[in-house]
Amino acid sequence: MNTTVLALESLHQEVSFMTRHSFDEGREHLDDLEIEHLIKMTSDVVMKIKRQTQERYL
């Protein structure tokens, strides 16, 4: 459970950092590379949670 919380917290921090950085640069939207990075990171977190859930029920 702790690794799930840490993974979610890491994702939250990354989204916060990227949106703050974008805002500070005067942009209203994230660029394509930033979006791809967040999608990959989100996918990794979801897979981690899914694996832990499956392990819990085995």
# chains A, B, ... in the order shown; residues from 1 in each chain; ligands from 1
call {"tool": "select_by_dssp", "arguments": {"residues": "chain A", "states": "alpha helix (DSSP H)", "output": "PyMOL selection string"}}
result
chain A and resi 2-24+32-56
call {"tool": "write_last_selection", "arguments": {"atoms": "N, CA and C atoms", "output": "short mmCIF file (atom, residue, chain, number, x, y, z; two decimals), in the first residue's frame"}}
result
data_model
loop_
_atom_site.label_atom_id
_atom_site.label_comp_id
_atom_site.auth_asym_id
_atom_site.auth_seq_id
_atom_site.Cartn_x
_atom_site.Cartn_y
_atom_site.Cartn_z
N ASN A 2 1.96 1.27 0.73
CA ASN A 2 2.83 2.44 0.78
C ASN A 2 3.38 2.80 -0.58
N THR A 3 3.73 1.79 -1.39
CA THR A 3 4.28 2.10 -2.71
C THR A 3 3.21 2.72 -3.60
N THR A 4 1.96 2.33 -3.42
CA THR A 4 0.86 2.94 -4.18
C THR A 4 0.73 4.41 -3.83
N VAL A 5 0.76 4.71 -2.55
CA VAL A 5 0.66 6.09 -2.10
C VAL A 5 1.84 6.90 -2.62
N LEU A 6 3.02 6.34 -2.55
CA LEU A 6 4.21 7.04 -3.05
C LEU A 6 4.13 7.27 -4.56
N ALA A 7 3.66 6.29 -5.29
CA ALA A 7 3.53 6.44 -6.74
C ALA A 7 2.51 7.52 -7.08
N LEU A 8 1.38 7.52 -6.39
CA LEU A 8 0.36 8.54 -6.62
C LEU A 8 0.87 9.93 -6.23
N GLU A 9 1.58 10.02 -5.15
CA GLU A 9 2.15 11.30 -4.71
C GLU A 9 3.17 11.81 -5.74
N SER A 10 3.99 10.92 -6.25
CA SER A 10 4.97 11.29 -7.27
C SER A 10 4.28 11.82 -8.53
N LEU A 11 3.22 11.14 -8.94
CA LEU A 11 2.45 11.59 -10.10
C LEU A 11 1.84 12.96 -9.84
N HIS A 12 1.28 13.14 -8.66
CA HIS A 12 0.69 14.42 -8.28
C HIS A 12 1.73 15.54 -8.33
N GLN A 13 2.90 15.29 -7.78
CA GLN A 13 3.97 16.29 -7.78
C GLN A 13 4.41 16.63 -9.20
N GLU A 14 4.52 15.63 -10.06
CA GLU A 14 4.94 15.86 -11.43
C GLU A 14 3.91 16.70 -12.19
N VAL A 15 2.64 16.38 -12.03
CA VAL A 15 1.58 17.17 -12.67
C VAL A 15 1.62 18.61 -12.15
N SER A 16 1.76 18.77 -10.86
CA SER A 16 1.83 20.11 -10.26
C SER A 16 3.02 20.89 -10.80
N PHE A 17 4.17 20.25 -10.86
CA PHE A 17 5.37 20.91 -11.37
C PHE A 17 5.19 21.34 -12.82
N MET A 18 4.68 20.43 -13.65
CA MET A 18 4.54 20.75 -15.07
C MET A 18 3.52 21.85 -15.32
N THR A 19 2.42 21.80 -14.60
CA THR A 19 1.42 22.85 -14.81
C THR A 19 1.92 24.19 -14.30
N ARG A 20 2.61 24.20 -13.18
CA ARG A 20 3.19 25.45 -12.66
C ARG A 20 4.22 26.00 -13.64
N HIS A 21 5.07 25.14 -14.15
CA HIS A 21 6.10 25.55 -15.11
C HIS A 21 5.45 26.14 -16.36
N SER A 22 4.44 25.49 -16.88
CA SER A 22 3.73 25.97 -18.06
C SER A 22 3.10 27.34 -17.78
N PHE A 23 2.45 27.46 -16.64
CA PHE A 23 1.82 28.73 -16.26
C PHE A 23 2.85 29.83 -16.13
N ASP A 24 3.98 29.52 -15.48
CA ASP A 24 5.04 30.51 -15.29
C ASP A 24 5.63 30.99 -16.62
N ASP A 32 3.18 18.87 -26.27
CA ASP A 32 2.99 17.45 -26.58
C ASP A 32 3.93 16.55 -25.77
N LEU A 33 5.19 16.95 -25.61
CA LEU A 33 6.13 16.12 -24.85
C LEU A 33 5.74 16.03 -23.38
N GLU A 34 5.26 17.12 -22.83
CA GLU A 34 4.82 17.10 -21.43
C GLU A 34 3.61 16.19 -21.26
N ILE A 35 2.68 16.27 -22.19
CA ILE A 35 1.49 15.41 -22.13
C ILE A 35 1.88 13.95 -22.27
N GLU A 36 2.77 13.64 -23.22
CA GLU A 36 3.23 12.25 -23.38
C GLU A 36 3.90 11.74 -22.11
N HIS A 37 4.71 12.58 -21.49
CA HIS A 37 5.39 12.19 -20.25
C HIS A 37 4.36 11.88 -19.15
N LEU A 38 3.36 12.72 -19.00
CA LEU A 38 2.35 12.50 -17.97
C LEU A 38 1.50 11.27 -18.26
N ILE A 39 1.21 11.02 -19.53
CA ILE A 39 0.46 9.81 -19.89
C ILE A 39 1.28 8.58 -19.54
N LYS A 40 2.57 8.58 -19.85
CA LYS A 40 3.44 7.43 -19.54
C LYS A 40 3.53 7.24 -18.03
N MET A 41 3.71 8.32 -17.32
CA MET A 41 3.84 8.23 -15.87
C MET A 41 2.53 7.72 -15.25
N THR A 42 1.40 8.21 -15.75
CA THR A 42 0.10 7.76 -15.26
C THR A 42 -0.09 6.28 -15.54
N SER A 43 0.29 5.86 -16.73
CA SER A 43 0.18 4.44 -17.10
C SER A 43 1.03 3.58 -16.17
N ASP A 44 2.24 4.03 -15.86
CA ASP A 44 3.12 3.28 -14.96
C ASP A 44 2.49 3.15 -13.57
N VAL A 45 1.89 4.22 -13.08
CA VAL A 45 1.26 4.19 -11.76
C VAL A 45 0.06 3.23 -11.78
N VAL A 46 -0.75 3.30 -12.82
CA VAL A 46 -1.91 2.41 -12.92
C VAL A 46 -1.46 0.96 -12.96
N MET A 47 -0.43 0.65 -13.72
CA MET A 47 0.08 -0.72 -13.79
C MET A 47 0.60 -1.18 -12.44
N LYS A 48 1.28 -0.30 -11.72
CA LYS A 48 1.79 -0.65 -10.38
C LYS A 48 0.63 -0.99 -9.45
N ILE A 49 -0.42 -0.18 -9.47
CA ILE A 49 -1.59 -0.42 -8.63
C ILE A 49 -2.27 -1.73 -9.04
N LYS A 50 -2.39 -1.94 -10.33
CA LYS A 50 -3.03 -3.16 -10.84
C LYS A 50 -2.25 -4.41 -10.38
N ARG A 51 -0.92 -4.37 -10.49
CA ARG A 51 -0.10 -5.51 -10.05
C ARG A 51 -0.29 -5.77 -8.56
N GLN A 52 -0.28 -4.70 -7.77
CA GLN A 52 -0.45 -4.87 -6.33
C GLN A 52 -1.83 -5.44 -5.99
N THR A 53 -2.84 -4.99 -6.70
CA THR A 53 -4.19 -5.51 -6.49
C THR A 53 -4.26 -6.98 -6.82
N GLN A 54 -3.67 -7.36 -7.93
CA GLN A 54 -3.67 -8.78 -8.33
C GLN A 54 -2.90 -9.63 -7.34
N GLU A 55 -1.76 -9.13 -6.86
CA GLU A 55 -0.97 -9.89 -5.88
C GLU A 55 -1.75 -10.07 -4.59
N ARG A 56 -2.51 -9.09 -4.22
CA ARG A 56 -3.28 -9.13 -2.98
C ARG A 56 -4.34 -10.24 -3.02
#
